[in-house]
Structures are given as C-alpha cells and as structure tokens.
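A.B. asks: My structure file upload_7.cif, mmCIF, C-alpha atoms, is below:
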data_target
#
loop_
_atom_site.label_atom_id
_atom_site.label_comp_id
_atom_site.auth_asym_id
_atom_site.auth_seq_id
_atom_site.Cartn_x
_atom_site.Cartn_y
_atom_site.Cartn_z
CA MET A 1 0.00 0.00 0.00
CA GLU A 2 2.78 2.41 0.97
CA LYS A 3 4.74 1.17 -2.00
CA LEU A 4 1.84 1.96 -4.33
CA ARG A 5 1.50 5.49 -3.01
CA VAL A 6 5.17 6.18 -3.55
CA ILE A 7 5.06 4.94 -7.11
CA LYS A 8 2.00 7.01 -7.99
CA VAL A 9 3.55 10.19 -6.68
CA LYS A 10 6.78 9.38 -8.45
CA GLN A 11 4.97 8.89 -11.76
CA SER A 12 3.19 12.21 -11.49
CA VAL A 13 6.43 13.90 -10.50
CA LEU A 14 8.19 12.33 -13.48
CA ALA A 15 5.43 13.36 -15.91
CA ASN A 16 5.47 16.95 -14.64
CA ASN A 17 9.24 16.92 -14.79
CA ASP A 18 9.21 15.83 -18.44
CA LEU A 19 6.95 18.74 -19.39
CA ARG A 20 9.15 21.21 -17.56
CA ALA A 21 12.30 19.69 -19.10
CA ASP A 22 10.88 20.06 -22.62
CA ALA A 23 9.94 23.69 -21.93
CA LEU A 24 13.45 24.42 -20.64
CA ARG A 25 15.06 22.71 -23.64
CA LYS A 26 12.92 24.85 -26.00
CA LYS A 27 13.81 28.06 -24.17
CA LEU A 28 17.52 27.22 -24.26
CA LYS A 29 17.35 26.44 -27.98
CA GLU A 30 15.79 29.86 -28.66
CA ARG A 31 18.59 31.50 -26.71
CA GLY A 32 21.29 29.35 -28.32
CA VAL A 33 22.48 27.96 -24.97
CA PHE A 34 23.80 24.37 -25.12
CA LEU A 35 23.35 22.58 -21.78
CA ILE A 36 25.32 19.40 -21.00
CA ASN A 37 24.16 17.16 -18.14
CA VAL A 38 27.29 15.44 -16.80
CA MET A 39 26.61 12.23 -14.87
CA SER A 40 28.75 9.50 -13.27
CA SER A 41 29.49 7.54 -10.11
CA PRO A 42 31.08 9.41 -7.22
CA GLY A 43 34.77 9.88 -7.88
CA ALA A 44 34.73 9.09 -11.61
CA GLY A 45 36.39 12.43 -12.32
CA LYS A 46 33.57 14.79 -13.34
CA THR A 47 35.09 17.90 -11.78
CA THR A 48 38.63 17.18 -12.98
CA LEU A 49 37.41 16.62 -16.54
CA LEU A 50 35.26 19.77 -16.49
CA VAL A 51 38.16 21.96 -15.35
CA ASP A 52 40.39 20.65 -18.16
CA LEU A 53 37.66 20.86 -20.83
CA ILE A 54 36.63 24.39 -19.83
CA ASN A 55 40.22 25.63 -19.99
CA ARG A 56 40.42 24.26 -23.55
CA LEU A 57 37.09 25.78 -24.61
CA LYS A 58 36.75 29.08 -22.76
CA ASP A 59 38.42 31.18 -25.46
CA LYS A 60 36.08 29.81 -28.13
CA LEU A 61 32.80 29.65 -26.20
CA ARG A 62 31.18 31.63 -23.37
CA ILE A 63 30.84 29.02 -20.62
CA GLY A 64 28.98 28.71 -17.31
CA VAL A 65 28.82 25.89 -14.77
CA ILE A 66 26.13 24.61 -12.44
CA GLU A 67 27.46 22.30 -9.75
CA ALA A 68 25.04 20.10 -7.85
CA ASP A 69 25.78 18.60 -4.49
CA MET A 70 23.76 17.41 -1.58
CA ASP A 71 25.25 20.02 0.72
CA ALA A 72 28.92 20.67 -0.07
CA VAL A 73 30.38 23.56 -2.11
CA VAL A 74 33.81 22.09 -2.75
CA ASP A 75 33.33 21.36 -6.48
CA ALA A 76 31.96 24.79 -7.33
CA GLN A 77 34.93 26.45 -5.62
CA THR A 78 37.39 24.17 -7.44
CA VAL A 79 35.86 24.85 -10.85
CA GLU A 80 35.63 28.61 -10.38
CA ASN A 81 39.16 28.89 -8.98
CA LYS A 82 40.73 26.77 -11.69
CA THR A 83 38.86 28.10 -14.75
CA GLY A 84 37.59 31.58 -13.87
CA VAL A 85 34.19 30.88 -15.48
CA LYS A 86 30.99 31.73 -13.66
CA THR A 87 29.92 28.83 -11.47
CA ILE A 88 26.96 28.39 -9.18
CA GLN A 89 26.22 25.71 -6.62
CA LEU A 90 22.85 23.97 -6.36
CA HIS A 91 22.04 22.09 -3.18
CA THR A 92 19.57 19.25 -3.47
CA SER A 93 19.07 18.86 0.31
CA GLY A 94 19.76 15.16 0.26
CA GLU A 95 17.97 14.35 -3.01
CA CYS A 96 20.06 12.08 -5.21
CA HIS A 97 19.36 13.81 -8.52
CA LEU A 98 18.56 17.13 -10.19
CA ASP A 99 15.18 17.74 -11.78
CA ALA A 100 14.17 20.20 -14.50
CA LYS A 101 12.74 22.73 -12.02
CA MET A 102 16.00 22.94 -10.07
CA VAL A 103 17.97 23.31 -13.31
CA ASP A 104 15.59 25.96 -14.70
CA GLU A 105 16.01 28.00 -11.52
CA GLY A 106 19.76 27.41 -11.60
CA MET A 107 19.95 28.69 -15.20
CA ASP A 108 18.07 31.86 -14.22
CA PHE A 109 20.40 32.36 -11.29
CA LEU A 110 23.48 31.75 -13.45
CA GLY A 111 22.14 34.22 -16.00
CA ASP A 112 22.42 32.36 -19.28
CA GLU A 113 21.69 35.24 -21.73
CA ASN A 114 25.29 35.60 -22.83
CA LEU A 115 26.41 32.01 -22.63
CA ASP A 116 27.00 29.45 -25.38
CA LEU A 117 27.61 26.39 -23.20
CA VAL A 118 26.63 25.40 -19.67
CA PHE A 119 27.96 22.31 -17.92
CA LEU A 120 25.65 20.85 -15.32
CA GLU A 121 27.54 18.57 -12.93
CA ASN A 122 24.89 16.22 -11.54
CA ILE A 123 25.05 14.33 -8.22
CA GLY A 124 27.55 11.44 -8.33
CA ASN A 125 25.17 8.53 -8.83
CA LEU A 126 24.39 6.06 -11.63
CA VAL A 127 20.75 5.49 -10.62
CA CYS A 128 18.53 8.48 -9.87
CA PRO A 129 20.02 11.10 -12.24
CA ALA A 130 19.25 8.77 -15.18
CA GLU A 131 15.53 8.91 -14.37
CA PHE A 132 15.11 12.67 -14.42
CA ASP A 133 15.27 14.70 -17.63
CA THR A 134 16.93 17.98 -16.66
CA GLY A 135 16.13 19.76 -19.93
CA ALA A 136 19.74 19.39 -21.07
CA THR A 137 20.71 19.41 -24.76
CA MET A 138 23.17 16.52 -24.29
CA LYS A 139 23.75 13.84 -21.66
CA LEU A 140 27.44 13.08 -21.06
CA VAL A 141 28.10 9.96 -18.97
CA ILE A 142 31.51 9.33 -17.44
CA LEU A 143 32.75 5.84 -16.60
CA SER A 144 36.19 5.64 -14.99
CA ILE A 145 38.49 2.68 -15.66
CA PRO A 146 38.76 1.59 -11.98
CA GLU A 147 34.96 1.15 -11.79
CA GLY A 148 35.08 -1.80 -14.16
CA ASP A 149 33.62 -2.63 -17.55
CA ASP A 150 30.48 -4.35 -16.18
CA LYS A 151 28.70 -1.10 -15.29
CA PRO A 152 26.42 -0.93 -18.39
CA LEU A 153 24.95 -4.31 -17.39
CA LYS A 154 24.28 -3.11 -13.85
CA TYR A 155 23.02 0.43 -14.51
CA PRO A 156 21.29 -0.03 -17.88
CA LEU A 157 19.05 3.06 -17.72
CA MET A 158 22.03 5.42 -17.44
CA PHE A 159 23.79 3.74 -20.35
CA THR A 160 20.60 3.71 -22.44
CA ARG A 161 19.83 7.39 -21.94
CA GLY A 162 23.31 8.91 -22.30
CA ASP A 163 24.37 10.54 -25.58
CA ILE A 164 28.13 10.45 -25.22
CA PHE A 165 30.27 8.23 -22.99
CA VAL A 166 33.63 9.31 -21.67
CA PHE A 167 36.02 6.72 -20.24
CA THR A 168 38.27 8.55 -17.77
CA LYS A 169 41.53 7.57 -16.00
CA MET A 170 42.71 5.61 -19.07
CA ASP A 171 46.25 5.94 -17.66
CA ALA A 172 45.14 3.53 -14.89
CA LYS A 173 44.42 0.75 -17.38
CA ILE A 174 47.74 -0.86 -16.51
CA LEU A 175 46.35 -1.66 -13.04
CA PHE A 176 42.77 -2.59 -13.87
CA ASP A 177 41.11 -5.21 -15.99
CA PHE A 178 38.94 -3.02 -18.22
CA ASP A 179 38.17 -4.00 -21.81
CA VAL A 180 37.25 -0.86 -23.78
CA ASP A 181 35.95 -2.85 -26.76
CA ARG A 182 33.71 -4.96 -24.53
CA VAL A 183 32.24 -1.97 -22.73
CA GLU A 184 31.58 -0.14 -26.00
CA GLU A 185 29.85 -3.23 -27.36
CA SER A 186 27.62 -3.59 -24.28
CA ILE A 187 26.69 0.12 -24.39
CA ARG A 188 25.93 -0.08 -28.14
CA LYS A 189 23.49 -2.93 -27.49
CA LEU A 190 21.48 -0.59 -25.25
CA ASN A 191 22.16 2.54 -27.22
CA PRO A 192 23.12 2.18 -30.91
CA ASP A 193 23.92 5.91 -31.39
CA ALA A 194 26.31 6.13 -28.44
CA LYS A 195 29.60 7.98 -29.01
CA PHE A 196 32.76 7.13 -27.06
CA PHE A 197 35.68 9.20 -25.82
CA PRO A 198 38.42 7.30 -23.95
CA LEU A 199 40.80 9.79 -22.29
CA SER A 200 43.12 10.63 -19.43
CA VAL A 201 43.29 14.14 -18.01
CA LYS A 202 46.46 13.23 -16.11
CA ALA A 203 48.25 11.79 -19.16
CA ASN A 204 46.74 14.45 -21.45
CA THR A 205 45.30 11.98 -23.95
CA GLY A 206 41.92 12.25 -25.64
CA VAL A 207 40.68 15.43 -23.94
CA GLN A 208 41.30 17.68 -26.95
CA GLU A 209 39.25 15.33 -29.18
CA LEU A 210 36.33 15.65 -26.77
CA ALA A 211 36.73 19.44 -26.54
CA ASP A 212 36.75 19.72 -30.36
CA TYR A 213 33.66 17.52 -30.64
CA LEU A 214 31.72 19.55 -28.07
CA CYS A 215 32.74 22.82 -29.71
CA SER A 216 31.52 21.63 -33.10
CA GLU A 217 28.23 20.36 -31.59
CA VAL A 218 27.61 23.75 -29.96
CA LYS A 219 28.29 25.61 -33.25
CA LYS A 220 25.96 23.23 -35.13
CA TYR A 221 23.22 23.75 -32.53
CA GLN A 222 23.57 27.51 -32.81
CA GLY A 223 23.37 27.24 -36.62
CA LYS A 224 26.87 28.64 -37.10
CA MET B 1 3.22 21.54 -3.95
CA GLU B 2 4.36 18.37 -5.73
CA LYS B 3 7.60 18.60 -3.81
CA LEU B 4 5.72 18.71 -0.49
CA ARG B 5 3.71 15.61 -1.35
CA VAL B 6 6.83 13.64 -2.17
CA ILE B 7 8.49 14.58 1.08
CA LYS B 8 5.49 13.62 3.20
CA VAL B 9 5.22 10.20 1.64
CA LYS B 10 8.95 9.70 1.99
CA GLN B 11 8.82 10.53 5.70
CA SER B 12 6.06 8.04 6.35
CA VAL B 13 7.91 5.41 4.34
CA LEU B 14 11.07 6.08 6.33
CA ALA B 15 9.26 5.88 9.68
CA ASN B 16 7.60 2.57 8.76
CA ASN B 17 10.92 1.31 7.48
CA ASP B 18 12.62 2.11 10.79
CA LEU B 19 10.03 0.08 12.71
CA ARG B 20 10.42 -2.86 10.38
CA ALA B 21 14.22 -2.63 10.52
CA ASP B 22 14.20 -2.71 14.33
CA ALA B 23 11.92 -5.76 14.30
CA LEU B 24 14.20 -7.55 11.84
CA ARG B 25 17.31 -6.70 13.90
CA LYS B 26 15.61 -8.12 17.01
CA LYS B 27 14.61 -11.32 15.20
CA LEU B 28 18.13 -11.81 13.85
CA LYS B 29 19.64 -11.25 17.31
CA GLU B 30 17.39 -13.97 18.74
CA ARG B 31 18.54 -16.34 16.01
CA GLY B 32 22.20 -15.34 16.34
CA VAL B 33 22.43 -14.23 12.71
CA PHE B 34 24.83 -11.32 12.11
CA LEU B 35 23.82 -9.25 9.06
CA ILE B 36 26.29 -6.88 7.39
CA ASN B 37 24.97 -4.20 5.02
CA VAL B 38 27.75 -3.55 2.48
CA MET B 39 27.53 -0.18 0.74
CA SER B 40 29.70 1.77 -1.71
CA SER B 41 29.81 3.58 -5.05
CA PRO B 42 29.45 1.47 -8.18
CA GLY B 43 32.73 -0.26 -8.93
CA ALA B 44 34.39 0.23 -5.53
CA GLY B 45 34.96 -3.50 -5.27
CA LYS B 46 32.11 -4.84 -3.10
CA THR B 47 31.79 -8.17 -4.91
CA THR B 48 35.54 -8.77 -5.17
CA LEU B 49 36.01 -8.08 -1.46
CA LEU B 50 33.08 -10.30 -0.49
CA VAL B 51 34.41 -13.26 -2.46
CA ASP B 52 37.83 -12.97 -0.80
CA LEU B 53 36.40 -12.44 2.72
CA ILE B 54 33.96 -15.33 2.42
CA ASN B 55 36.68 -17.71 1.32
CA ARG B 56 38.67 -16.73 4.44
CA LEU B 57 35.67 -17.10 6.76
CA LYS B 58 33.58 -19.97 5.41
CA ASP B 59 35.33 -22.69 7.41
CA LYS B 60 34.74 -20.78 10.66
CA LEU B 61 31.24 -19.38 10.09
CA ARG B 62 28.11 -20.51 8.24
CA ILE B 63 27.68 -17.77 5.63
CA GLY B 64 24.94 -16.61 3.26
CA VAL B 65 24.80 -13.75 0.77
CA ILE B 66 22.03 -11.49 -0.47
CA GLU B 67 22.94 -9.59 -3.62
CA ALA B 68 20.88 -6.58 -4.62
CA ASP B 69 20.78 -5.20 -8.10
CA MET B 70 18.35 -3.22 -10.14
CA ASP B 71 17.90 -6.02 -12.63
CA ALA B 72 21.14 -7.93 -13.23
CA VAL B 73 22.20 -11.25 -11.69
CA VAL B 74 25.90 -11.06 -12.48
CA ASP B 75 27.12 -10.46 -8.90
CA ALA B 76 25.10 -13.30 -7.35
CA GLN B 77 26.45 -15.75 -9.93
CA THR B 78 30.03 -14.57 -9.33
CA VAL B 79 29.77 -14.90 -5.55
CA GLU B 80 28.12 -18.32 -5.65
CA ASN B 81 30.55 -19.69 -8.25
CA LYS B 82 33.64 -18.40 -6.47
CA THR B 83 32.72 -19.22 -2.86
CA GLY B 84 30.12 -21.99 -2.94
CA VAL B 85 28.02 -20.31 -0.24
CA LYS B 86 24.29 -19.90 -0.68
CA THR B 87 23.52 -16.67 -2.50
CA ILE B 88 20.25 -15.11 -3.53
CA GLN B 89 19.56 -12.16 -5.80
CA LEU B 90 17.13 -9.38 -4.91
CA HIS B 91 15.88 -7.14 -7.69
CA THR B 92 14.80 -3.65 -6.68
CA SER B 93 13.08 -2.86 -10.03
CA GLY B 94 14.95 0.38 -10.49
CA GLU B 95 14.90 1.52 -6.85
CA CYS B 96 18.30 2.83 -5.75
CA HIS B 97 18.35 1.21 -2.31
CA LEU B 98 17.17 -1.74 -0.25
CA ASP B 99 14.64 -1.28 2.54
CA ALA B 100 13.95 -3.44 5.60
CA LYS B 101 10.94 -5.15 4.02
CA MET B 102 12.96 -6.33 1.01
CA VAL B 103 15.74 -7.56 3.28
CA ASP B 104 13.33 -9.34 5.65
CA GLU B 105 11.80 -11.17 2.69
CA GLY B 106 15.28 -11.90 1.34
CA MET B 107 16.35 -13.41 4.67
CA ASP B 108 13.28 -15.68 4.67
CA PHE B 109 14.04 -16.76 1.14
CA LEU B 110 17.71 -17.37 1.95
CA GLY B 111 16.68 -19.43 4.98
CA ASP B 112 18.78 -17.97 7.78
CA GLU B 113 18.09 -20.59 10.52
CA ASN B 114 21.48 -22.23 10.21
CA LEU B 115 23.59 -19.20 9.36
CA ASP B 116 25.99 -17.16 11.49
CA LEU B 117 26.74 -14.37 9.05
CA VAL B 118 24.90 -12.87 6.08
CA PHE B 119 26.43 -10.31 3.75
CA LEU B 120 23.95 -7.99 2.11
CA GLU B 121 25.45 -6.32 -0.95
CA ASN B 122 23.44 -3.13 -1.41
CA ILE B 123 22.97 -1.17 -4.67
CA GLY B 124 26.14 0.70 -5.71
CA ASN B 125 25.24 4.19 -4.55
CA LEU B 126 26.47 6.58 -1.84
CA VAL B 127 23.15 8.41 -1.45
CA CYS B 128 19.93 6.41 -1.11
CA PRO B 129 21.23 3.29 0.72
CA ALA B 130 22.44 5.53 3.54
CA GLU B 131 18.88 6.73 4.20
CA PHE B 132 17.28 3.32 4.66
CA ASP B 133 17.93 1.16 7.71
CA THR B 134 17.89 -2.42 6.41
CA GLY B 135 17.83 -4.04 9.86
CA ALA B 136 21.50 -4.98 9.56
CA THR B 137 23.71 -5.57 12.59
CA MET B 138 26.63 -3.68 11.03
CA LYS B 139 27.06 -1.19 8.19
CA LEU B 140 30.26 -1.67 6.21
CA VAL B 141 31.11 1.18 3.82
CA ILE B 142 33.69 0.73 1.08
CA LEU B 143 35.62 3.64 -0.39
CA SER B 144 38.06 2.77 -3.18
CA ILE B 145 41.29 4.72 -3.62
CA PRO B 146 40.50 5.89 -7.21
CA GLU B 147 37.30 7.61 -6.01
CA GLY B 148 39.28 10.19 -4.06
CA ASP B 149 39.56 11.21 -0.43
CA ASP B 150 36.96 13.99 -0.63
CA LYS B 151 33.98 11.61 -0.57
CA PRO B 152 33.11 12.01 3.17
CA LEU B 153 32.62 15.74 2.55
CA LYS B 154 30.31 15.09 -0.36
CA TYR B 155 28.27 12.15 0.97
CA PRO B 156 28.19 12.93 4.70
CA LEU B 157 25.16 10.80 5.58
CA MET B 158 26.83 7.60 4.38
CA PHE B 159 30.02 8.37 6.30
CA THR B 160 28.05 9.34 9.43
CA ARG B 161 25.96 6.18 9.48
CA GLY B 162 28.58 3.55 8.62
CA ASP B 163 30.18 1.44 11.37
CA ILE B 164 33.33 0.29 9.61
CA PHE B 165 35.07 1.79 6.61
CA VAL B 166 37.12 -0.27 4.20
CA PHE B 167 39.51 1.47 1.79
CA THR B 168 39.90 -0.84 -1.20
CA LYS B 169 42.38 -0.91 -4.11
CA MET B 170 45.21 0.33 -1.86
CA ASP B 171 47.64 -1.10 -4.47
CA ALA B 172 46.43 1.71 -6.78
CA LYS B 173 47.69 4.42 -4.39
CA ILE B 174 50.79 4.86 -6.55
CA LEU B 175 48.56 6.28 -9.29
CA PHE B 176 46.09 8.32 -7.26
CA ASP B 177 46.32 11.23 -4.86
CA PHE B 178 44.54 9.75 -1.83
CA ASP B 179 45.57 10.68 1.71
CA VAL B 180 44.46 7.91 4.09
CA ASP B 181 45.13 10.03 7.20
CA ARG B 182 43.08 12.89 5.82
CA VAL B 183 40.11 10.71 4.92
CA GLU B 184 40.15 9.00 8.32
CA GLU B 185 40.22 12.40 10.00
CA SER B 186 37.28 13.68 7.98
CA ILE B 187 35.25 10.53 8.69
CA ARG B 188 36.07 10.72 12.43
CA LYS B 189 34.69 14.26 12.53
CA LEU B 190 31.32 12.90 11.39
CA ASN B 191 31.58 9.59 13.18
CA PRO B 192 33.92 9.36 16.19
CA ASP B 193 33.55 5.56 16.59
CA ALA B 194 34.41 4.73 12.98
CA LYS B 195 36.86 1.86 12.40
CA PHE B 196 39.13 1.71 9.36
CA PHE B 197 40.49 -1.15 7.26
CA PRO B 198 42.78 -0.16 4.36
CA LEU B 199 43.39 -3.17 2.11
CA SER B 200 44.03 -4.56 -1.35
CA VAL B 201 42.47 -7.82 -2.47
CA LYS B 202 44.80 -7.90 -5.47
CA ALA B 203 47.98 -7.37 -3.42
CA ASN B 204 46.62 -9.50 -0.56
CA THR B 205 47.16 -6.87 2.11
CA GLY B 206 44.79 -6.10 4.97
CA VAL B 207 42.00 -8.55 4.07
CA GLN B 208 42.90 -11.07 6.78
CA GLU B 209 42.77 -8.34 9.45
CA LEU B 210 39.23 -7.48 8.33
CA ALA B 211 38.23 -11.15 8.24
CA ASP B 212 39.57 -11.69 11.78
CA TYR B 213 37.76 -8.58 13.05
CA LEU B 214 34.42 -9.67 11.53
CA CYS B 215 34.81 -13.20 12.89
CA SER B 216 35.43 -11.90 16.42
CA GLU B 217 32.46 -9.49 16.17
CA VAL B 218 30.17 -12.34 15.12
CA LYS B 219 31.36 -14.54 18.04
CA LYS B 220 30.87 -11.63 20.48
CA TYR B 221 27.36 -11.02 19.13
CA GLN B 222 26.49 -14.69 19.53
CA GLY B 223 27.84 -14.64 23.11
CA LYS B 224 30.56 -17.17 22.34
#
I need this file expressed as structure tokens, please.
C.D. replies:
Amino acid sequence: MEKLRVIKVKQSVLANNDLRADALRKKLKERGVFLINVMSSPGAGKTTLLVDLINRLKDKLRIGVIEADMDAVVDAQTVENKTGVKTIQLHTSGECHLDAKMVDEGMDFLGDENLDLVFLENIGNLVCPAEFDTGATMKLVILSIPEGDDKPLKYPLMFTRGDIFVFTKMDAKILFDFDVDRVEESIRKLNPDAKFFPLSVKANTGVQELADYLCSEVKKYQGK
Amino acid sequence: MEKLRVIKVKQSVLANNDLRADALRKKLKERGVFLINVMSSPGAGKTTLLVDLINRLKDKLRIGVIEADMDAVVDAQTVENKTGVKTIQLHTSGECHLDAKMVDEGMDFLGDENLDLVFLENIGNLVCPAEFDTGATMKLVILSIPEGDDKPLKYPLMFTRGDIFVFTKMDAKILFDFDVDRVEESIRKLNPDAKFFPLSVKANTGVQELADYLCSEVKKYQGK
C-alpha cells in the first residue's frame, strides 16, 4: 500500500518533470544555450574533466557551470578557482538527482543570456540522475576505468539514456582489468547511437578530441 | 506543492521502514544471525572483497549472501561460483536502495536458521542506501582509492551512518592522490567511533585483518 503510493507520486512527479524539461530545452534552444548534463558515479572524475575541458574551450565559447551537491560547495569552488568561469552551486538537500525545475532556476540564477555552453555537474550517482530529464541538450556519462567494464549491465538506464560516454583515467588501465571494446559493445546494445571518448586528463590523452567535438556540436546547434 | 507531497510520503515510508528494521534486527539477534549491510559507489569492489572475505571465513562461520541489483544477476552468480556459499539475488526494479521489508523477505528466502553471518550487498550508490535502515547488525562502507579522499565531505550521511570503513584498491595508491590520514580524520569528525580497514584484495594486504575482526564481532554477538 505504501509502496503503491510512492510509485504514484513518483509517476506524477516524473510526468510533470518531463513537461518542464521540454519547456526548458525549448527556451535554451531559442537562446542558443547548449546545456550538457554530466553524470557518473562518485569519484569518476567529473570535476577534474570539467576543469580541463573548460580551460580548452573558454576562449572559443562563453561558458557557465552549475554544480550540484547534496550540501557541499567544494566542487563549485574548485571549478571557479581553476577556470575563472561563472559557477553556481545547487544544493539538493539530500535528493540524489537534479530535476528540471531545479535546473531551470539554476539557469536563471546563473544568468544564461550571454552564454553558449553550460555544464551541469549532476550528483555522483548512476541510478537516480538517469531517471530525471533535466532539460539538457546533451547527456554526457563518465565511466572511470577503476569502476570496471560491467557497469552498463548493472546500470542499464544510465547507459541507455546517455548521448556520449567518456572513459576517464585511461592511464590507470595498466592496473585494472577493463576492456574498452567490450564496454563499447555492451553500451551499443542498449544505445546504438552512443559515441565514445576514452581519455586521461592526467596523461593528457583524448581530452582535446572531446573538446573539439563539443565545440563543433555547440556551433551546429547555434546554426553557425 | 508536488515537492511537499513527495516529502510527506517519503517521511512516512522512512518511519515505517525504521520500525520494520528494528523488528528484523531483534529477530536476527534472537537467532544469532549477524547481518552486514555492504555499501559503496558502483565499482568500488564490493563483490571482489566479499568473495575474498567469504573464502577466508567460510570454514569458521556458516555464511549466506544477499545480492541486490536493479535487474542484473551477475554479482550473485560470481559470488556463488567463487565461494560456494548460498547466494540469492534481490531485484529492486529500479529503486536505488534496499529497505527493511525487502531484506526481511530476502532473509526468509535465503533461509537464515542455520547461518551465522549474512552479507547484504546493497545497490552501488552513496546516497539512497544511507537513508534506509535495512535491519543490519553492522554497516560496512567501502571507499576505493581511485574515487578520491573527498567523498566524506560530499556524501556525509553515508560516512556518518557507517560502522566500519574499508579502503579498497590500496595497491592503486601509486597512481592516485589519496591521503588515508586525511580521509580518516574527515570521517572521524562525522563519526567518532568509525573503524578503518585499508586493504588490497589484489595485493593480498589487509583482508585477513578485516576477516579476523568480523569473525570476532560475530562470536561476540552470539555470546561465544
């Protein structure tokens, strides 16, 4: 009985969220703002990747960042200090995901009129963030080598819904049993249009390819 | 308005869950069954650690395993094949945590009458599993070296509620910037009674110490 009540509320929340997400996506398209929802496990390297990517892109694109955390501010401070781009912190008060309403309010607070690209760093979690459409233009999922290549089997919704998949900490492959071909194959079974970017921020491999791809996607989106 | 409804339902679910968890804990105590709720991020090494621990303990204790997953069975098969102990799989149908009701039903299904120790491998997630008391005797939280030593700051509930903290993949410390002293200090601030077990299954360091500690805790609990 309890269970049923929870599910009903969740369904109505999800339906309302989808409407709000579509409205946000439309508004962002009119303004030419490209929003990337960045999702991964805790510690997969979201913040480290964002800092490196932003420093490669900030002369070509006007960038903003929304950091989400349950109640810390450490990532927002790191990103702002290391890139100089405008960054705001959203607190979810213990919720394990962002929804479209939170992101819409965050975009207003960030002030997105003069921005080309906004990175949204979601809560570190492979479950809940996959369920909630944030209104983002693109969903970027990070899987780090030490997590193992079985993750698509165990968190299928995340790997079905993502648009591009970044394999981080490739320099650690020497220590871990991670088969890039196998993981790409298991993601493609769920998600035939998936794109893959293996890289290492520390070893400086693959990050420029991802930066170039994102830059070209933003220009395409803006009709330039 | 939506938001408010969700929170109210969640509170009532949590209160009911707490009652059911206490009842389960009492029942297990009467039977002398020690239940360990194992929690971590995806890919921190829960399954690998369990296999190694069980093989060290299975001649001393009668062991069972409950594996939770959203819809895969891969971990249950691995544990059963590699240890020979009775293992069952719980599917949460997309839920990001186990609750006391699911665990109570799982224990019945496992048949815990002749068991001393049951490992419950929770969903890989640092958020939701921390909120739900499963009725376990002990909460074991795994943090792997590649995830980084800032996790207690970012997932404080998990690090406040855990009883013992296992740092896995210590052999990977050469590649990652992870300060064990700093992480222990930040966990102790949240949780003064926390106990720490740094180890590497691959390098075979520290696992026996953890196995010995768990064995003595089970004997103490059973009044032996």
A.B. asks: Given the file shown, determine the residues that the PyMOL selection byres ((chain A) within 10 of (chain B)) selects; report them as number ranges by chain.
C.D. replies: A: 2-3, 5-6, 9-10, 12-13, 16, 40-45, 69-75, 94-97, 123-128, 131, 143-151, 153-157, 169, 171-172, 175-176, 202
A.B. asks: Using only C-alpha atoms, which of A:Leu57, A:Leu115, A:Ala136, A:Ala68 sits nearest Asp212 (chain A)?
C.D. replies: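 Ranked by minimum distance to Asp212 (chain A), first place goes to A:Leu57.
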A.B. asks: Which residue is closest to Arg161 (chain A)? Choose from A:Lys60, A:Ala211, A:Met39, A:Lys86 and count only C-alpha atoms.
C.D. replies: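 Under the stated criterion, the closest residue is A:Met39.
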A.B. asks: Using Å and a single decimal, report how far CA of Phe196 (chain B) sits from CA of Val85 (chain B).
C.D. replies: 26.5 Å
A.B. asks: I would like the residues chosen by the PyMOL selection byres ((chain B and resi 87) around 9) on the shown file; could you give them as a PyMOL selection string?
C.D. replies: chain B and resi 64-67+76-77+79-80+84-86+88-89+110
A.B. asks: Run the PyMOL selection byres ((chain A and resi 180-183) around 9) on the file and write out the hits as a list in words.
C.D. replies: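 Output of the PyMOL selection byres ((chain A and resi 180-183) around 9): Ile145, Asp149, Asp150, Lys151, Pro152, Phe167, Phe178, Asp179, Glu184, Glu185, Ser186, Ile187, Arg188 and Pro198 of chain A.
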A.B. asks: Just to confirm, what's the straight-line distance from CA of Thr78 (chain B) to CA of Lys46 (chain B) in Å (one decimal)?
C.D. replies: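 Computed distance, CA of Thr78 (chain B) to CA of Lys46 (chain B), equals 11.7 Å.
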A.B. asks: Would you work out the distance separating CA of Met170 (chain B) from CA of Leu50 (chain B), expressed in Å to one decimal?
C.D. replies: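 Interatomic distance, CA of Met170 (chain B) to CA of Leu50 (chain B): 16.2 Å.
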A.B. asks: Please list as a PyMOL selection string every residue within 6 Å of Ile36 (chain B), counting all atoms listed in the file and excluding residues in the same chain fewer than 5 positions away.
C.D. replies: chain B and resi 119-120+136-139
A.B. asks: Give the answer as one residue: which of B:Thr83, B:Thr134, B:Thr205, B:Thr160 has the shortest atom-to-atom distance to Leu190 (chain B), using all atoms listed in the file?
C.D. replies: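 For Leu190 (chain B), the nearest of the candidates is B:Thr160.
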A.B. asks: Excluding Leu61 (chain A) and residues on its chain fewer than 4 positions from it, collect all residues at most 10 Å away from it, counting all atoms listed in the file, and give them as an mmCIF file with C-alpha atoms, keeping the file's coordinate frame.
C.D. replies:
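The resulting file, selection08.cif, is reproduced below:
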data_model
loop_
_atom_site.group_PDB
_atom_site.id
_atom_site.type_symbol
_atom_site.label_atom_id
_atom_site.label_comp_id
_atom_site.auth_asym_id
_atom_site.auth_seq_id
_atom_site.Cartn_x
_atom_site.Cartn_y
_atom_site.Cartn_z
ATOM 1 C CA ILE A 54 36.630 24.390 -19.830
ATOM 2 C CA ARG A 56 40.420 24.260 -23.550
ATOM 3 C CA LEU A 57 37.090 25.780 -24.610
ATOM 4 C CA LEU A 115 26.410 32.010 -22.630
ATOM 5 C CA ASP A 116 27.000 29.450 -25.380
ATOM 6 C CA LEU A 117 27.610 26.390 -23.200
ATOM 7 C CA VAL A 118 26.630 25.400 -19.670
ATOM 8 C CA CYS A 215 32.740 22.820 -29.710
ATOM 9 C CA VAL A 218 27.610 23.750 -29.960
ATOM 10 C CA LYS A 219 28.290 25.610 -33.250
#
A.B. asks: Listed atoms of region 160-173 of chain A, axis-aligned box, 4 Å per side: centre and edge lengths to one decimal in Å, as AutoDock Vina command-line options?
C.D. replies:
--center_x 33.0 --center_y 5.6 --center_z -20.2 --size_x 34.4 --size_y 17.8 --size_z 18.7
A.B. asks: Hey, what's within 10 Å of Leu24 (chain B) if we count all atoms listed in the file and toss same-chain stuff fewer than 3 positions away? As a list in words, please?
C.D. replies: Asp18, Leu19, Arg20, Ala21, Lys27, Leu28, Lys29, Glu30, Ala100, Lys101, Val103, Asp104, Met107, Thr134, Gly135, Ala136 and Thr137 of chain B
A.B. asks: Would you mind telling me which residue in A:Lys82, A:Lys173, A:Arg25, A:Lys195 lies nearest to Tyr213 (chain A) when using all atoms listed in the file?
C.D. replies: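 The answer is A:Lys195, which sits nearest to Tyr213 (chain A).
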A.B. asks: Check the smallest atom-to-atom distance from each of B:Ile174, B:Ala23, B:Phe159, B:Phe165 to Leu140 (chain B) using all atoms listed in the file, then report the winner.
C.D. replies: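 Ranking B:Ile174, B:Ala23, B:Phe159, B:Phe165 by distance to Leu140 (chain B), first place goes to B:Phe165.
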